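Undergrad: Have a look at this one before I ask anything.
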Amino acid sequence: MSEPFPELVPQHNWDDYKWGSHAQPDRLYQGPFPQELVPGWEVVMATMPSADVVPNYGMGLVNYVIGDMFPKVKPGETMAQCIEDIVRIPMGARLYIRPTWRQMQSRPGRLEPFEIWKITLELAEKYQKALGFRIMLSNPDIAEESLPDFVLEKVPQVALQGEWPGGRAGEIRHHKAHCLPRYDHPYFRAALAEFDALLAEQLNGHPFIEFIDTYMYGFWGEGHSWPFDNSPFPDPVTALETWVEIFEMQRTHWDRVPLVTNTQPDLQKVGNAELVERTIRSGNWLRTDTIFIENQQIEAISNRPAWIAAVCEEGMSDGRLETLAIEDGLPRTERVLQHVRDVGANYWSLWNWHNIHAQHVMNYYRQYPDGIDRLNRAIGYRLRPAWVWTYDQLGRVGSHTGFRYGLVLGLVNDGIAGVPGILRLVLCHPDGQVIASGSLDPGYPTPRGVRQVRLILPEGLNWEGLVLSAEIEVKGVRRPLRWACREANPDGSLTLRRQKSLAY
């Protein structure tokens, strides 16, 4: 292995944890701003929050095409129609699909994605809703194998000991024999590396790919094989070495798309905490697939660094009385929505667990719209220049003495999460000619407080009428952002102007 690691990495408390330096070459000065640094300062503009949903990268409600099972096609409806209706769910700004490896490849050396994948990717572009996805190496909820036949023929399978308790009518997980592959087998690792490279060749940096989930051990790729105790590995060290190698392989292939690692507790001792650690240190993201269960996941998600996005998944009611689970006058889904806010999430799933259909999502929404609408106007980050100060400073400018003009911006985040990457500011003339630009520290501004930043203007330039835009940079890719303020232009930028109401 390229990096040493202990035999078993435990989950730790992240308070005051040193995550390393993230210095930017174009970092803007971010204070402090005493009077002698910005003399003659004056507040010229103060913005107010927007009430609109702001569809920026790295945030939003997510329409699920596949969770663990296919959508529930209604009589007289085609699968393509069903998927398009899911994509069109108006509250969702993003899409998500979770196929098995088998559904994406049937023979070595080439991708052969199944029809649902093709339809979903086409609709992502049609409706301008980017896609997140996971390739499952095991799905206990379907009858067919999750791995391609060419892998099954060469990689031993290990039976899991025990049985799945409980069960509902028709649930396959309670009636099938569960096996997992020897993930450490050389052929498995080589075949997965080839498959992942083929995927990345097509999709790494694709404009409509939002994120890809990290390959992880066990059921659904969540990092566990609960309720069974054994695993296919001979020992925890082999398991850890295997998953670190797979993670580093995937990280190499996907250098322009965030990897999203589940924060599942390490029930089978396969190295989950080490994957989480490497995920954060490499600037990738985290997820939880069960907001109400493990306190460990709540710790990891809610105390992550500000520049790391959090993907939250939890099934919602389909609006029928038997799924509303009303207690103390509230449906269970309303408690889910609040807890997604509590951990400061960037994404949340519009997902009817094992019962996916656009009508099911909308049936609940029509009865209880307020909770989903409130979350949609708060989830992720919502940025605005809350204050704009001007200043002038007499000093050396080029070969002569003159006035140096500038702006100080007080940036505020009205959302519930930090910026999942690096915020860049771009100040332009109305014709688009760039005057000044630069980056803030990763994660800023955070949801609490004000992040001040300075932009220096050329001598004698009038600031009024200049246009302030923003970008987010994640893994070297820059995407435009929209300011979340009432005063923003239709394209999401902000034209600087003097507000008369601020004069005393």
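FYI, nothing fancy with the structure tokens labels: chains A, B, ... in order, residues from 1 per chain, ligands from 1 as they appear.
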Name the residues in contact with stretch 260-264 of chain A at a cut-off of 7 Å, using only C-alpha atoms, excluding same-chain residues fewer than 2 positions from it; report them as a PDB file with N, CA and C atoms, in the first residue's frame.
TA:
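So the final result, stored in around-v4.pdb, reads:
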ATOM      1  N   PHE A 211     -22.417  13.533  -8.500  1.00  0.00           N
ATOM      2  CA  PHE A 211     -21.520  12.796  -7.603  1.00  0.00           C
ATOM      3  C   PHE A 211     -21.672  11.307  -7.876  1.00  0.00           C
ATOM      4  N   ILE A 212     -20.724  10.525  -7.371  1.00  0.00           N
ATOM      5  CA  ILE A 212     -20.798   9.070  -7.443  1.00  0.00           C
ATOM      6  C   ILE A 212     -20.478   8.515  -6.061  1.00  0.00           C
ATOM      7  N   ASP A 213     -21.266   7.551  -5.617  1.00  0.00           N
ATOM      8  CA  ASP A 213     -21.025   6.948  -4.310  1.00  0.00           C
ATOM      9  C   ASP A 213     -19.792   6.051  -4.342  1.00  0.00           C
ATOM     10  N   THR A 214     -19.090   6.040  -3.223  1.00  0.00           N
ATOM     11  CA  THR A 214     -17.930   5.178  -3.048  1.00  0.00           C
ATOM     12  C   THR A 214     -18.357   3.704  -3.020  1.00  0.00           C
ATOM     13  N   GLU A 222     -23.484  -0.261   1.338  1.00  0.00           N
ATOM     14  CA  GLU A 222     -23.560   0.664   2.471  1.00  0.00           C
ATOM     15  C   GLU A 222     -22.437   0.469   3.486  1.00  0.00           C
ATOM     16  N   GLY A 223     -21.678  -0.619   3.385  1.00  0.00           N
ATOM     17  CA  GLY A 223     -20.582  -0.837   4.327  1.00  0.00           C
ATOM     18  C   GLY A 223     -20.905  -1.819   5.438  1.00  0.00           C
ATOM     19  N   PRO A 258     -17.059  14.435  -7.232  1.00  0.00           N
ATOM     20  CA  PRO A 258     -16.961  14.039  -5.820  1.00  0.00           C
ATOM     21  C   PRO A 258     -17.379  12.593  -5.595  1.00  0.00           C
ATOM     22  N   ASP A 266     -18.916   0.356  11.501  1.00  0.00           N
ATOM     23  CA  ASP A 266     -18.152  -0.767  10.958  1.00  0.00           C
ATOM     24  C   ASP A 266     -18.510  -2.067  11.676  1.00  0.00           C
ATOM     25  N   VAL A 276     -13.864   6.782   5.475  1.00  0.00           N
ATOM     26  CA  VAL A 276     -14.409   8.104   5.799  1.00  0.00           C
ATOM     27  C   VAL A 276     -13.267   9.107   5.969  1.00  0.00           C
ATOM     28  N   THR A 279     -11.780   9.934   2.658  1.00  0.00           N
ATOM     29  CA  THR A 279     -12.747  10.717   1.895  1.00  0.00           C
ATOM     30  C   THR A 279     -12.633  12.190   2.241  1.00  0.00           C
ATOM     31  N   ASN A 284     -13.516  14.856  -0.668  1.00  0.00           N
ATOM     32  CA  ASN A 284     -14.737  14.231  -1.136  1.00  0.00           C
ATOM     33  C   ASN A 284     -15.824  14.336  -0.070  1.00  0.00           C
ATOM     34  N   TRP A 285     -16.976  13.730  -0.294  1.00  0.00           N
ATOM     35  CA  TRP A 285     -18.173  14.020   0.491  1.00  0.00           C
ATOM     36  C   TRP A 285     -18.651  12.812   1.296  1.00  0.00           C
ATOM     37  N   LEU A 286     -19.665  13.030   2.148  1.00  0.00           N
ATOM     38  CA  LEU A 286     -20.211  11.993   3.031  1.00  0.00           C
ATOM     39  C   LEU A 286     -21.707  11.818   2.791  1.00  0.00           C
ATOM     40  N   ARG A 287     -22.237  10.658   3.218  1.00  0.00           N
ATOM     41  CA  ARG A 287     -23.669  10.419   3.142  1.00  0.00           C
ATOM     42  C   ARG A 287     -24.118   9.536   4.299  1.00  0.00           C
ATOM     43  N   THR A 288     -25.397   9.605   4.605  1.00  0.00           N
ATOM     44  CA  THR A 288     -26.039   8.640   5.487  1.00  0.00           C
ATOM     45  C   THR A 288     -27.297   8.159   4.802  1.00  0.00           C
ATOM     46  N   GLN A 297     -23.452   7.848  12.852  1.00  0.00           N
ATOM     47  CA  GLN A 297     -23.603   8.564  11.589  1.00  0.00           C
ATOM     48  C   GLN A 297     -23.974  10.030  11.830  1.00  0.00           C
ATOM     49  N   ALA A 300     -20.765  11.850  12.654  1.00  0.00           N
ATOM     50  CA  ALA A 300     -19.888  12.073  11.506  1.00  0.00           C
ATOM     51  C   ALA A 300     -20.435  13.140  10.572  1.00  0.00           C
TER      52      ALA A 300
END
Undergrad: Report as a PyMOL selection string all protein, DNA and RNA residues lying within 12 Å of A:Ala488, evaluated on only C-alpha atoms, omitting residues in the same chain fewer than 6 positions from it.
TA: chain A and resi 46-52+54+383-386+467-470+481-482+494-497
Undergrad: If you measure from atom CA of A:Thr78 to atom CA of A:Trp351, what distance in Å do you get, rounded to one decimal?
TA: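 Distance between the two atoms: 19.8 Å.
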Undergrad: Which residues are near stretch 111-120 of chain A? Cut-off 12 Å, only C-alpha atoms, ignore same chain within fewer than 4 positions. Put them as JSON, numbers by chain.
TA: {"A": [63, 64, 65, 66, 69, 70, 71, 78, 79, 80, 81, 82, 83, 84, 85, 86, 87, 88, 94, 95, 96, 97, 98, 99, 100, 101, 102, 103, 104, 105, 106, 107, 124, 125, 126, 127, 128, 129, 130, 131, 132, 133, 134, 135, 148, 194, 195, 196, 197, 198, 199, 200, 201, 202, 203, 208, 209]}
Undergrad: Please, what distance in Å, to one decimal, runs between atom CA of A:Trp483 and atom CA of A:Asp370?
TA: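 Calculated distance between atom CA of A:Trp483 and atom CA of A:Asp370 is 23.5 Å.
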Undergrad: For A:Asn363, work out the shell of residues within 8 Å, counting only C-alpha atoms and skipping chain neighbours fewer than 5 positions away, then give it as a list of chain:residue names.
TA: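 Contacts, in chain order: A:Asp318, A:Gly319, A:Arg320.
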Undergrad: Could you find all residues in stretch 65-114 of chain A that DSSP calls strand (DSSP E) from the backbone, and write them as a PyMOL selection string?
TA: chain A and resi 94-97
Undergrad: Write out the residues from the selection above, keeping C-alpha atoms, as a PDB file, in the first residue's frame.
TA:
ATOM      1  CA  ARG A  94     -31.244  16.492  -8.772  1.00  0.00           C
ATOM      2  CA  LEU A  95     -31.676  12.826  -9.753  1.00  0.00           C
ATOM      3  CA  TYR A  96     -30.351   9.608  -8.259  1.00  0.00           C
ATOM      4  CA  ILE A  97     -30.072   6.055  -9.557  1.00  0.00           C
TER       5      ILE A  97
END
Undergrad: Could you tell me which of A:Leu350, A:Val270, A:Ala306, A:Met249 comes closest to A:Asn413 if we count only C-alpha atoms?
TA: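 With only C-alpha atoms as the atom set, the closest residue is A:Ala306.
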Undergrad: Name the closest residue to A:Pro305 among the candidates A:Pro265, A:Gly432, A:Ser349, A:Glu277; distances are taken between atoms, counting only C-alpha atoms.
TA: A:Glu277
Undergrad: Select, from A:Val73, A:Ile172, A:Met91, A:Val257, the residue with the minimum atom-to-atom distance to A:Lys475, counting only C-alpha atoms.
TA: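 Counting only C-alpha atoms, the residue closest to A:Lys475 is A:Val257.
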Undergrad: Fewer than 5 positions away in the same chain doesn't count, so skip those; otherwise give me all residues within 8 Å of A:Ile472, counting only C-alpha atoms, as a list in words.
TA: Tyr57, Val419, Gly421, Ile422, Leu423, Arg424, Arg478, Arg479, Pro480 and Leu481 of chain A
Undergrad: Write the selection just made, keeping C-alpha atoms, as a tab-separated table (two decimals), in the first residue's frame?
TA:
chain	number	residue	atom	x	y	z
A	57	TYR	CA	-24.40	22.79	-7.54
A	419	VAL	CA	-20.02	25.72	0.84
A	421	GLY	CA	-15.86	23.35	-1.96
A	422	ILE	CA	-14.30	26.76	-2.62
A	423	LEU	CA	-16.29	29.93	-3.31
A	424	ARG	CA	-14.79	32.21	-5.97
A	478	ARG	CA	-15.70	25.55	-11.53
A	479	ARG	CA	-19.45	26.02	-11.82
A	480	PRO	CA	-21.47	29.26	-11.73
A	481	LEU	CA	-23.55	30.04	-8.63
Undergrad: Which residues in stretch 132-309 of chain A does DSSP call alpha helix (DSSP H)? List them as a PyMOL selection string.
TA: chain A and resi 149-152+186-203+236-253+272-281+295-302
Undergrad: Would you export the selected residues with C-alpha atoms as a CSV table (one decimal), in the first residue's frame, please?
TA:
chain,number,residue,atom,x,y,z
A,149,ASP,CA,-21.6,-13.7,-14.7
A,150,PHE,CA,-18.0,-13.4,-15.8
A,151,VAL,CA,-17.1,-12.2,-12.2
A,152,LEU,CA,-19.2,-14.9,-10.6
A,186,PRO,CA,-7.3,-10.7,-7.5
A,187,TYR,CA,-9.8,-11.2,-10.3
A,188,PHE,CA,-12.6,-9.3,-8.5
A,189,ARG,CA,-10.3,-6.3,-7.9
A,190,ALA,CA,-9.0,-6.3,-11.5
A,191,ALA,CA,-12.5,-6.6,-13.0
A,192,LEU,CA,-13.9,-3.8,-10.8
A,193,ALA,CA,-10.9,-1.6,-11.6
A,194,GLU,CA,-11.5,-2.1,-15.3
A,195,PHE,CA,-15.3,-1.5,-15.0
A,196,ASP,CA,-14.7,1.7,-13.0
A,197,ALA,CA,-12.2,3.0,-15.5
A,198,LEU,CA,-14.7,2.5,-18.3
A,199,LEU,CA,-17.4,4.4,-16.3
A,200,ALA,CA,-15.0,7.2,-15.5
A,201,GLU,CA,-13.9,7.4,-19.2
A,202,GLN,CA,-17.4,8.3,-20.1
A,203,LEU,CA,-18.6,10.2,-17.0
A,236,PRO,CA,-10.0,-7.4,9.4
A,237,VAL,CA,-6.5,-6.5,8.0
A,238,THR,CA,-7.3,-8.1,4.7
A,239,ALA,CA,-10.6,-6.4,4.6
A,240,LEU,CA,-9.1,-3.0,5.3
A,241,GLU,CA,-6.3,-3.4,2.8
A,242,THR,CA,-8.9,-4.4,0.1
A,243,TRP,CA,-11.2,-1.5,0.6
A,244,VAL,CA,-8.4,1.1,0.9
A,245,GLU,CA,-7.1,-0.2,-2.5
A,246,ILE,CA,-10.6,-0.1,-4.1
A,247,PHE,CA,-11.1,3.5,-2.7
A,248,GLU,CA,-7.8,4.7,-4.0
A,249,MET,CA,-8.5,3.2,-7.4
A,250,GLN,CA,-11.8,4.9,-7.6
A,251,ARG,CA,-10.3,8.2,-6.3
A,252,THR,CA,-7.8,8.1,-9.1
A,253,HIS,CA,-10.4,7.5,-11.8
A,272,ASN,CA,-15.3,1.9,7.1
A,273,ALA,CA,-13.8,4.6,9.4
A,274,GLU,CA,-10.5,4.6,7.3
A,275,LEU,CA,-12.6,5.2,4.1
A,276,VAL,CA,-14.4,8.1,5.8
A,277,GLU,CA,-11.1,9.6,6.9
A,278,ARG,CA,-9.6,9.3,3.4
A,279,THR,CA,-12.7,10.7,1.9
A,280,ILE,CA,-12.6,13.9,3.9
A,281,ARG,CA,-8.8,14.4,3.6
A,295,ASN,CA,-25.8,7.9,16.5
A,296,GLN,CA,-22.3,7.4,14.9
A,297,GLN,CA,-23.6,8.6,11.6
A,298,ILE,CA,-25.1,11.7,13.2
A,299,GLU,CA,-21.8,12.5,14.8
A,300,ALA,CA,-19.9,12.1,11.5
A,301,ILE,CA,-22.3,14.0,9.3
A,302,SER,CA,-23.1,16.9,11.7
Undergrad: Nearest to A:Arg454 among A:Val388, A:His339, A:Gly109, A:Gly205, with distances taken over only C-alpha atoms: which residue is it?
TA: A:Val388
Undergrad: Could you state the separation of atom CA of A:Phe33 and atom CA of A:Gln452 in Å, given to one decimal place?
TA: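 About the pair atom CA of A:Phe33 and atom CA of A:Gln452: they are 8.4 Å apart.
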Undergrad: Report as a list in words all protein, DNA and RNA residues lying within 9 Å of A:Val336, evaluated on only C-alpha atoms, omitting residues in the same chain fewer than 5 positions from it.
TA: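 Residues near the query, excluding close chain neighbours: Ile291, Phe292, Glu314, Gly315, Met316 and Arg341 of chain A.
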Undergrad: Got time to write the residues from that selection, N, CA and C atoms, as a tab-separated table (two decimals), in the first residue's frame?
TA:
chain	number	residue	atom	x	y	z
A	291	ILE	N	-31.24	8.36	8.47
A	291	ILE	CA	-31.06	9.52	9.34
A	291	ILE	C	-31.46	9.25	10.79
A	292	PHE	N	-32.27	8.23	11.04
A	292	PHE	CA	-32.80	8.02	12.39
A	292	PHE	C	-32.11	6.91	13.18
A	314	GLU	N	-33.50	9.15	3.29
A	314	GLU	CA	-34.47	8.52	4.19
A	314	GLU	C	-35.79	8.48	3.43
A	315	GLY	N	-36.45	7.34	3.46
A	315	GLY	CA	-37.70	7.19	2.74
A	315	GLY	C	-38.79	8.10	3.29
A	316	MET	N	-39.72	8.51	2.40
A	316	MET	CA	-40.83	9.36	2.79
A	316	MET	C	-42.15	8.61	2.57
A	341	ARG	N	-32.47	18.89	8.50
A	341	ARG	CA	-32.02	20.25	8.83
A	341	ARG	C	-31.05	20.22	10.01
Undergrad: Tell me which of A:Leu457, A:Leu28, A:Ile89, A:Ala310 sits closest to A:Ala417, counting only C-alpha atoms.
TA: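 Residue with the minimum atom-to-atom distance to A:Ala417: A:Ala310.
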Undergrad: Leaving out A:Asn376 and any residue of its chain fewer than 6 positions from it, which residues lie within 8 Å of it when counting only C-alpha atoms, given as a PDB file with C-alpha atoms, in the first residue's frame?
TA:
ATOM      1  CA  VAL A  53     -35.331  27.858  -4.284  1.00  0.00           C
ATOM      2  CA  GLY A  60     -30.979  20.209  -3.401  1.00  0.00           C
ATOM      3  CA  LEU A  61     -33.800  17.722  -3.121  1.00  0.00           C
ATOM      4  CA  MET A  91     -39.403  20.040  -5.930  1.00  0.00           C
TER       5      MET A  91
END
Undergrad: So which one's closest to A:Gly92, A:Asp26, A:Asp373, A:Asp184, A:Glu122? Using only C-alpha atoms, please.
TA: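 Looking only at the distances to A:Gly92, the closest residue turns out to be A:Asp373.
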